[in-house]
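Chemist: First the structure, which I've put down as structure tokens, then a few questions once you've had a look.
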Amino acid sequence: MFRKILITGIILISNVTFAQQKTTHSFNLEEAIAFALDSNYTALNARRDIAKAIKQKWETTATGLPQISGAVNYQNNIKQPVTLIPGEIAGGEPGTFVPVTFGTKQNASAVATLNQLIFDGSYLVGLKAAKAFLDFSENAAEKTNLEVRKGVINAYGSVLLSEELIEIFEKNRVNLDKNLFETRKIYENGLTEQESVEQLEITLLDIETQLNNARRTREIASQMFNAALGIPVNDEVIFEDTLDDLVQQNISLTLMDSSLNIEENVDYKIAYNLTEQRDLEMQLEKSKALPQLSAFLNYGTSANSDDFSFFNGDQRWFQSSVLGVSLNVPIFSSGMRSASTQRAKIALDQAKTELEETREQVRLELNTAKSNYQFAIENYENSKKNIALAERIENKNQIKFTEGLSTSFDLRQAQTQLYSAQQQYFQSMLDVLNAKANLETVLNIPEVRIESEELKNKY
């Protein structure tokens, strides 16, 4: 009895803990986009890439600033080396040698060195490259945010589409259940054929299959939406917008007249970053033919003793200091530097060609996105008309079938046509949202760029 009570208590505690861990969120579409731009996993790492680029920029800058290093050395000559000197020096016989040890058994020294780069062409190029890499990271983060925004719109709309389909399938199932019940009664009274019942049963099975699939799709779509926002997939989300409201808000024919400044398109900016990188690589190869000038200053102290007495007050320490300048001048490389420079020049030409190709691709993407958006709106308007026509046709066939003026096959065709029109109608609504999101992505609207200044204080 005690074991049963204990197990029951553990189950109850586990259920309470699970209920506490599961969070409920509520979003309209704009709130969901704002949340995702802040919390989406990919967007988070894109911001971290910018932060890394900021640190790399300073890392490159610091290589040309003063560098101070220190070294402390201690040696204990457990077995001191022995040197043989001629015997006559020590008063011995000529031709003989006397073993002698030089120096003390223990030595200690401390040295501090200051290094300063005075001129290096590769350093100047490196500063430009660090700035170019930071620009690239910002552009890459902007592209990521645009893709995150587009993904959230698609995921949000997909959930609403699944909910609409579930609702319409449940409504259709209720109507079919009623029709099937009435038809069976008529068949039992001998006023219709068994085929009429079977045709309705087939249609009902199809609807139930589609309803079950829509429920599963809704669950998967919800989890995909949560993943897009960067929240646990099992968290519950309340969707404040309706699919119809979103469609009405996103039908904007004025967007078709929007012009594009190619230089503002994120794909073009990233391609331009590539040309900058290739140009800097060529400058780096050229800079290798320039001399390198640096200077150093060190200061050191050393002590020697047969015993470890370096921390005694009477230990003598001997000071030393050196100031030096180093000039390294490249003279001859057997054509290696020239070949490297020419290779970098070819890579730059390739990048410029790719930039021009990107320019034309962006223009094509804009025209395609406008065409798809226009088609999505037209398809939505046509689907709205088609569903109204399909409902009237199905209603007329329903009346004819009830009055015995049409066959069950005719009714099934009308019902299938209606169900297809319903699905096409709701899908056309989602297509409008996605087509507008694609067009806005090409146009880089709204502004979702992250500047490095926003992250300097955070990282």
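In the structure tokens, chains take the letters A, B, ... in the order shown, each chain's residues start at 1, and ligands count up from 1 in the order shown.
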Applying 12 Å and only C-alpha atoms, which residues near Leu44 in chain A remain after dropping the ones on its own chain fewer than 3 positions away? List them as a PyMOL selection string.
Modeler: chain A and resi 35-41+47-51+141-142+144-145+148+228-230+450+455
Chemist: Using only C-alpha atoms, I'd like a table of the residues in range 230-337 of chain A that come within 7 Å of range 342-351 of chain A; for each, show the closest atom pair and its distance in Å rounded to one decimal, ordered by chain and ascending number, as CSV.
Modeler:
residue,atom,partner,partner_atom,distance
A:Leu274,CA,A:Ala351,CA,6.4
A:Thr275,CA,A:Ala351,CA,5.1
A:Arg278,CA,A:Leu348,CA,4.9
A:Asp279,CA,A:Leu348,CA,5.8
A:Glu281,CA,A:Ala344,CA,6.2
A:Met282,CA,A:Ala344,CA,4.8
Chemist: Could you save the residues just selected, with C-alpha atoms, as a PDB file, in the first residue's frame?
Modeler:
ATOM      1  CA  LEU A 274      34.122  39.191 -52.083  1.00  0.00           C
ATOM      2  CA  THR A 275      35.634  41.620 -54.612  1.00  0.00           C
ATOM      3  CA  ARG A 278      40.176  39.595 -53.560  1.00  0.00           C
ATOM      4  CA  ASP A 279      41.483  43.141 -54.060  1.00  0.00           C
ATOM      5  CA  GLU A 281      44.626  39.729 -51.327  1.00  0.00           C
ATOM      6  CA  MET A 282      46.264  41.268 -54.389  1.00  0.00           C
TER       7      MET A 282
END
Chemist: Excluding same-chain residues fewer than 4 positions from Asn28 in chain A, what lies within 12 Å of it counting only C-alpha atoms, as a PyMOL selection string?
Modeler: chain A and resi 32-35+152-153+156-157+160+237-243+245-246
Chemist: Please report as JSON lines every residue of range 80-189 of chain A lying within 7 Å of range 195-200 of chain A, along with the nearest atom pair and their distance in Å (one decimal), using only C-alpha atoms.
Modeler:
{"residue": "A:Leu180", "atom": "CA", "partner": "A:Leu200", "partner_atom": "CA", "distance": 6.0}
{"residue": "A:Thr183", "atom": "CA", "partner": "A:Val197", "partner_atom": "CA", "distance": 6.1}
{"residue": "A:Arg184", "atom": "CA", "partner": "A:Val197", "partner_atom": "CA", "distance": 6.2}
Chemist: Write to file, as a PDB file, in the first residue's frame, the residues of the selection just made, with N, CA, C and O atoms.
Modeler:
ATOM      1  N   LEU A 180     -24.901  10.758 -45.077  1.00  0.00           N
ATOM      2  CA  LEU A 180     -24.792   9.304 -45.062  1.00  0.00           C
ATOM      3  C   LEU A 180     -25.910   8.682 -44.216  1.00  0.00           C
ATOM      4  O   LEU A 180     -26.504   7.662 -44.605  1.00  0.00           O
ATOM      5  N   THR A 183     -29.134   8.982 -46.242  1.00  0.00           N
ATOM      6  CA  THR A 183     -29.116   8.095 -47.414  1.00  0.00           C
ATOM      7  C   THR A 183     -29.313   6.638 -46.997  1.00  0.00           C
ATOM      8  O   THR A 183     -29.980   5.860 -47.700  1.00  0.00           O
ATOM      9  N   ARG A 184     -28.727   6.257 -45.876  1.00  0.00           N
ATOM     10  CA  ARG A 184     -28.918   4.895 -45.387  1.00  0.00           C
ATOM     11  C   ARG A 184     -30.394   4.625 -45.062  1.00  0.00           C
ATOM     12  O   ARG A 184     -30.919   3.535 -45.349  1.00  0.00           O
TER      13      ARG A 184
END
Chemist: Got a sec to tell me which of range 209-444 of chain A DSSP assigns to alpha helix (DSSP H), as a ChimeraX atom specification?
Modeler: /A:209-229,243-250,266-287,336-402,408-443
Chemist: Please provide the set of residues having any atom within 8 Å of Thr60 in chain A, restricted to only C-alpha atoms, with same-chain residues fewer than 5 positions apart removed, written as a PDB file with C-alpha atoms, in the first residue's frame.
Modeler:
ATOM      1  CA  TYR A 123      49.997  45.196 -41.696  1.00  0.00           C
ATOM      2  CA  GLY A 126      45.551  43.571 -42.763  1.00  0.00           C
ATOM      3  CA  LEU A 127      43.808  46.578 -41.203  1.00  0.00           C
ATOM      4  CA  ALA A 130      39.748  43.274 -40.885  1.00  0.00           C
TER       5      ALA A 130
END
Chemist: Work out how far apart CA of Asn154 in chain A and CA of Leu29 in chain A are and give it in Å to one decimal.
Modeler: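 CA of Leu29 in chain A lies at a distance of 10.3 Å from CA of Asn154 in chain A.
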Chemist: Using only C-alpha atoms, pick whichever of A:Ile186, A:Leu284, A:Leu418, A:Leu323 has the shortest atom-to-atom distance to Ile168 in chain A.
Modeler: A:Leu418
Chemist: Suppose you want the space between CA of Glu138 in chain A and CA of Glu357 in chain A; what is it in Å?
Modeler: 22.1 Å
Chemist: Could you name the residues that touch range 393-398 of chain A at 8 Å or less, counting only C-alpha atoms, but leaving out those on the same chain fewer than 6 positions away, as a PyMOL selection string?
Modeler: chain A and resi 406+410-411+414-415+418
Chemist: Between A:Glu378, A:Asp135, A:Asp177, A:Glu163, single out the one closest to Leu253 in chain A, counting only C-alpha atoms.
Modeler: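 Ranking A:Glu378, A:Asp135, A:Asp177, A:Glu163 by distance to Leu253 in chain A, first place goes to A:Glu378.
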Chemist: Pick from A:Glu147, A:Gln315, A:Ala289, A:Phe296: nearest to Arg337 in chain A, with only C-alpha atoms counted?
Modeler: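 So, comparing all the options, the nearest one is A:Ala289.
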Chemist: I need the residue nearest Val125 in chain A from this list: A:Ser287, A:Thr254, A:Gln319, A:Thr42. Use only C-alpha atoms for the distance.
Modeler: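 Closest to Val125 in chain A of all the choices is A:Ser287.
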Chemist: Which residue, A:Val98, A:Ile251, A:Leu327, A:Ala437, has the smallest gap to Phe119 in chain A when you use only C-alpha atoms?
Modeler: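 Ranking A:Val98, A:Ile251, A:Leu327, A:Ala437 by distance to Phe119 in chain A, first place goes to A:Leu327.
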Chemist: Based on the backbone DSSP call, show me all residues of range 213-320 of chain A assigned strand (DSSP E or B), as a PyMOL selection string.
Modeler: chain A and resi 236-239+292-305+318-320
Chemist: Rounded to one decimal in Å, what is the spacing between CA of Leu260 in chain A and CA of Lys436 in chain A?
Modeler: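 One can read the CA of Leu260 in chain A to CA of Lys436 in chain A distance as 15.1 Å.
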